[in-house]
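Report on one structure; see the data block that follows.
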Amino acid sequence: MGQLNFFPNINHVLADNKLVQDGSLTFMPLNIPDNISWATVNLLVRTSSSANQTHTILMGLYSLDTAISSLILANSVSRSMSTNGSGRAWMSMVDTSATQNITPGTWFLGIIGRTGGTAAFQLVGTSNTAIGNNFPGGFIGGMYSVTTNALPSDLDITEVTTSGDLFEGCIILNA
Amino acid sequence: MVVGVYIPGSISFNKVQMLITDFGAASTGTLTIHFGLYSLNGSTLSLANSASCSTNQSGTTPLNLPWITLATSATQDITPGNWYLGFWFTGSSAFVPGFAGLGGNFAWTTPYGGNLVRGRYSTTTNALPSSIETSAFNKEGSAGDANSSLVPYILISA
């Protein structure tokens, strides 16, 4: 296997804007096709207010241990941004908790949004809203059932709601 | 404009098809679409292959979303991994073409961090550069280049 310079998860048709609820934790799947360093993580966000606002994103890289049906935290990164404008912005995060070479396979990104000043803060991607039942197949992501200020080190997938709002964000991983 | 992609498996590169938007209601003259396949070596994009297509337009009837076929300068086996696709037009100022694709003219405020993934070449050119420093590209959201977020629809075929 080779080593990627970048992995773009950005070619979403008709991208949606998902409103961030303060303290919400969203899990989205990421199929990494080749080795890549966990160095710079770019998340596409949208602000829609001219008021002063400060928002924080905490992002965790999780593996799925199917033997115990748990998400295990492998790495993390975070960043705060302050703005008083409207538009789409790449939130670039570089202070990863550890150096890591991500191996090919399925990973999950856990994204906590902490909003301040205004609720007009959104993640950009693809969002399926108002699904009536839990996804019947294997775990593919969803919403953590409680609000939180910190990334759980491990999490039983039964605590993640797979009905309602499944979200796939626009992400660029850069080595 | 360049767009970084991940090619998952080997593919013979012989032709590329691109989807072009309306040429305009009164376009006349010759329009040439250029395509370049670039690899990244350090901080330099190096031209590995190229393709182009010229079309003569006359009269006032526009073409709506035509597929254009560009033939490569040499048949190549593209290996799996990251590659950069370069696109642009040359021709008469009477044309107002565009590439159909994903994304749009968002109001960008901040560019992405890290290596070049996609962006717009900072200078105009009439020929495919054989090598380009990645620093010569403006990422989407960079000052003075807010709307370069389009990912063109293309088909690469053997």
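Going by the structure tokens order, chains are called A, B, ..., each with residues numbered from 1, while ligands are numbered from 1 in the order shown.
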
**OP:** Counting only C-alpha atoms, collect the residues of chain A whose closest atom lies at most 10 Å from chain B, and write them out as a PyMOL selection string.
**Re:** chain A and resi 1-8+10-15+33-34+39-47+83+85-94+171-175

Closest atom pairs, stretch 19-100 of chain A residues within 7 Å of stretch 149-169 of chain A, only C-alpha atoms, as JSON lines:
{"residue": "A:Gly23", "atom": "CA", "partner": "A:Asn149", "partner_atom": "CA", "distance": 5.8}
{"residue": "A:Met28", "atom": "CA", "partner": "A:Glu168", "partner_atom": "CA", "distance": 5.5}
{"residue": "A:Gly60", "atom": "CA", "partner": "A:Leu151", "partner_atom": "CA", "distance": 6.6}
{"residue": "A:Ser69", "atom": "CA", "partner": "A:Ile157", "partner_atom": "CA", "distance": 6.0}
{"residue": "A:Ser70", "atom": "CA", "partner": "A:Asp156", "partner_atom": "CA", "distance": 4.4}
{"residue": "A:Leu71", "atom": "CA", "partner": "A:Leu155", "partner_atom": "CA", "distance": 5.1}
{"residue": "A:Ile72", "atom": "CA", "partner": "A:Asp154", "partner_atom": "CA", "distance": 4.6}
{"residue": "A:Leu73", "atom": "CA", "partner": "A:Ser153", "partner_atom": "CA", "distance": 5.0}

Output all heavy atoms for every residue in that selection, as a PDB file, in the first residue's frame.
ATOM      1  N   GLY A  23     -22.904  21.084  22.367  1.00  0.00           N
ATOM      2  CA  GLY A  23     -22.643  19.852  23.105  1.00  0.00           C
ATOM      3  C   GLY A  23     -23.069  18.584  22.384  1.00  0.00           C
ATOM      4  O   GLY A  23     -22.995  17.490  22.955  1.00  0.00           O
ATOM      5  N   MET A  28     -19.585  10.171  12.041  1.00  0.00           N
ATOM      6  CA  MET A  28     -19.711   9.957  10.608  1.00  0.00           C
ATOM      7  C   MET A  28     -18.639   8.958  10.157  1.00  0.00           C
ATOM      8  O   MET A  28     -17.529   8.946  10.680  1.00  0.00           O
ATOM      9  CB  MET A  28     -19.544  11.260   9.821  1.00  0.00           C
ATOM     10  CG  MET A  28     -18.269  12.027  10.087  1.00  0.00           C
ATOM     11  SD  MET A  28     -18.008  13.398   8.951  1.00  0.00           S
ATOM     12  CE  MET A  28     -17.231  12.559   7.581  1.00  0.00           C
ATOM     13  N   GLY A  60     -12.749  13.573  17.177  1.00  0.00           N
ATOM     14  CA  GLY A  60     -12.045  12.353  17.549  1.00  0.00           C
ATOM     15  C   GLY A  60     -12.032  11.363  16.403  1.00  0.00           C
ATOM     16  O   GLY A  60     -12.996  11.250  15.648  1.00  0.00           O
ATOM     17  N   SER A  69     -18.581  -4.221  20.276  1.00  0.00           N
ATOM     18  CA  SER A  69     -19.557  -3.223  19.802  1.00  0.00           C
ATOM     19  C   SER A  69     -19.285  -1.843  20.376  1.00  0.00           C
ATOM     20  O   SER A  69     -20.203  -1.166  20.869  1.00  0.00           O
ATOM     21  CB  SER A  69     -20.984  -3.670  20.165  1.00  0.00           C
ATOM     22  OG  SER A  69     -21.304  -4.879  19.526  1.00  0.00           O
ATOM     23  N   SER A  70     -18.016  -1.436  20.316  1.00  0.00           N
ATOM     24  CA  SER A  70     -17.646  -0.144  20.898  1.00  0.00           C
ATOM     25  C   SER A  70     -16.783   0.670  19.949  1.00  0.00           C
ATOM     26  O   SER A  70     -15.972   0.128  19.186  1.00  0.00           O
ATOM     27  CB  SER A  70     -16.879  -0.341  22.215  1.00  0.00           C
ATOM     28  OG  SER A  70     -17.731  -0.847  23.220  1.00  0.00           O
ATOM     29  N   LEU A  71     -16.964   1.977  20.017  1.00  0.00           N
ATOM     30  CA  LEU A  71     -16.087   2.919  19.342  1.00  0.00           C
ATOM     31  C   LEU A  71     -14.931   3.238  20.292  1.00  0.00           C
ATOM     32  O   LEU A  71     -15.161   3.583  21.452  1.00  0.00           O
ATOM     33  CB  LEU A  71     -16.851   4.198  18.979  1.00  0.00           C
ATOM     34  CG  LEU A  71     -17.926   4.044  17.899  1.00  0.00           C
ATOM     35  CD1 LEU A  71     -18.888   5.218  17.920  1.00  0.00           C
ATOM     36  CD2 LEU A  71     -17.281   3.910  16.527  1.00  0.00           C
ATOM     37  N   ILE A  72     -13.703   3.134  19.788  1.00  0.00           N
ATOM     38  CA  ILE A  72     -12.518   3.371  20.604  1.00  0.00           C
ATOM     39  C   ILE A  72     -11.781   4.599  20.071  1.00  0.00           C
ATOM     40  O   ILE A  72     -11.449   4.663  18.881  1.00  0.00           O
ATOM     41  CB  ILE A  72     -11.561   2.165  20.579  1.00  0.00           C
ATOM     42  CG1 ILE A  72     -12.319   0.871  20.892  1.00  0.00           C
ATOM     43  CG2 ILE A  72     -10.407   2.361  21.548  1.00  0.00           C
ATOM     44  CD1 ILE A  72     -12.957   0.831  22.265  1.00  0.00           C
ATOM     45  N   LEU A  73     -11.518   5.570  20.957  1.00  0.00           N
ATOM     46  CA  LEU A  73     -10.836   6.801  20.546  1.00  0.00           C
ATOM     47  C   LEU A  73      -9.360   6.519  20.268  1.00  0.00           C
ATOM     48  O   LEU A  73      -8.630   6.032  21.130  1.00  0.00           O
ATOM     49  CB  LEU A  73     -10.964   7.856  21.652  1.00  0.00           C
ATOM     50  CG  LEU A  73     -10.379   9.235  21.343  1.00  0.00           C
ATOM     51  CD1 LEU A  73     -11.105   9.892  20.178  1.00  0.00           C
ATOM     52  CD2 LEU A  73     -10.443  10.129  22.579  1.00  0.00           C
TER      53      LEU A  73
END

Original post:
Any idea what's packed within 10 Å of A:Gln122, counting only C-alpha atoms, ignoring anything in its chain fewer than 2 positions away? Could you give it as an NGL selection string?
Top reply: :A and (16-21 or 44-48 or 88 or 113 or 115 or 119-120 or 124-125)

**OP:** Find the distance between atom CA of A:Asn133 and atom CA of A:Ser145 and write it in Å to one decimal.
**Re:** 14.9 Å

Original post:
By how many Å are atom CA of A:Gln53 and atom CA of A:Arg79 apart?
Top reply: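 Rounded to one decimal, the two atoms are 14.0 Å apart.
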
Original post:
What is the atom CA of B:Lys139-atom CA of B:Gly119 distance in Å, reported with one decimal?
Top reply: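 According to the coordinates, atom CA of B:Lys139 and atom CA of B:Gly119 are separated by 4.3 Å.
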
Original post:
For B:Thr75, which residue among B:Asn138, B:Asn41, B:Ser50, B:Asn56 is the nearest when counting only C-alpha atoms?
Top reply: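 Between B:Asn138, B:Asn41, B:Ser50, B:Asn56, the residue approaching B:Thr75 most closely is B:Ser50.
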
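Nearest residue to B:Phe13, choosing from B:Cys53, B:Leu31, B:Leu45, B:Ala158 and counting only C-alpha atoms: B:Ala158.
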
Original post:
Excluding same-chain residues fewer than 6 positions from A:Thr103, what lies within 8 Å of it counting only C-alpha atoms, as a PyMOL selection string?
Top reply: chain A and resi 32+34-36

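Residues within 8 Å of B:Phe89, counting only C-alpha atoms and excluding same-chain residues fewer than 3 positions away, are Leu31, Thr32, Ile33 and His34 of chain B.
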
Next, the residues of the selection above should be written as a compact mmCIF listing (two decimals), in the first residue's frame with N, CA, C and O atoms.
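Contents of part-v5.txt, freshly written:
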# COMPACT_ATOMS: atom_id res chain seq x y z
N LEU B 31 -12.71 27.61 -29.63
CA LEU B 31 -12.51 27.44 -28.20
C LEU B 31 -11.70 26.16 -27.99
O LEU B 31 -11.99 25.13 -28.59
N THR B 32 -10.69 26.21 -27.16
CA THR B 32 -9.88 25.04 -26.86
C THR B 32 -9.98 24.74 -25.37
O THR B 32 -9.77 25.63 -24.54
N ILE B 33 -10.32 23.46 -25.06
CA ILE B 33 -10.36 23.00 -23.68
C ILE B 33 -9.09 22.22 -23.42
O ILE B 33 -8.72 21.33 -24.19
N HIS B 34 -8.41 22.55 -22.34
CA HIS B 34 -7.14 21.92 -21.99
C HIS B 34 -7.28 21.10 -20.71
O HIS B 34 -7.96 21.52 -19.77

Original post:
Which residue, B:Ser52, B:Asn14, B:Ser157, B:Thr72, has the smallest gap to B:Ala127 when you use only C-alpha atoms?
Top reply: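 Counting only C-alpha atoms, the residue closest to B:Ala127 is B:Ser52.
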
Subject >> For B:Tyr153: contacts at 9 Å, only C-alpha atoms, fewer than 3 positions along chain excluded, given as a PyMOL selection string >> reply: chain B and resi 17-20+99-102

Save the residues we just selected, N, CA and C atoms, as a PDB file, in the first residue's frame?
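Printed below is out_0.pdb as written:
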ATOM      1  N   GLN B  17     -13.515  12.680 -20.967  1.00  0.00           N
ATOM      2  CA  GLN B  17     -14.737  13.389 -21.363  1.00  0.00           C
ATOM      3  C   GLN B  17     -15.079  14.410 -20.285  1.00  0.00           C
ATOM      4  N   MET B  18     -15.435  15.608 -20.693  1.00  0.00           N
ATOM      5  CA  MET B  18     -15.777  16.668 -19.770  1.00  0.00           C
ATOM      6  C   MET B  18     -17.133  17.258 -20.134  1.00  0.00           C
ATOM      7  N   LEU B  19     -17.835  17.731 -19.124  1.00  0.00           N
ATOM      8  CA  LEU B  19     -19.152  18.325 -19.331  1.00  0.00           C
ATOM      9  C   LEU B  19     -18.996  19.834 -19.279  1.00  0.00           C
ATOM     10  N   ILE B  20     -19.364  20.488 -20.381  1.00  0.00           N
ATOM     11  CA  ILE B  20     -19.170  21.918 -20.521  1.00  0.00           C
ATOM     12  C   ILE B  20     -20.534  22.612 -20.468  1.00  0.00           C
ATOM     13  N   PHE B  99     -17.181  24.891 -16.704  1.00  0.00           N
ATOM     14  CA  PHE B  99     -17.190  23.453 -16.454  1.00  0.00           C
ATOM     15  C   PHE B  99     -18.400  23.129 -15.579  1.00  0.00           C
ATOM     16  N   ALA B 100     -19.171  22.110 -15.958  1.00  0.00           N
ATOM     17  CA  ALA B 100     -20.257  21.635 -15.115  1.00  0.00           C
ATOM     18  C   ALA B 100     -19.656  20.706 -14.066  1.00  0.00           C
ATOM     19  N   GLY B 101     -20.121  20.804 -12.841  1.00  0.00           N
ATOM     20  CA  GLY B 101     -19.558  19.946 -11.817  1.00  0.00           C
ATOM     21  C   GLY B 101     -20.194  20.148 -10.464  1.00  0.00           C
ATOM     22  N   LEU B 102     -19.506  19.658  -9.422  1.00  0.00           N
ATOM     23  CA  LEU B 102     -19.996  19.760  -8.058  1.00  0.00           C
ATOM     24  C   LEU B 102     -19.459  21.013  -7.404  1.00  0.00           C
TER      25      LEU B 102
END

Original post:
Which of these, A:Ser97, A:Asn9, A:Ser127, A:Asn84, has the shortest distance to A:Met59 once you count only C-alpha atoms?
Top reply: A:Ser97
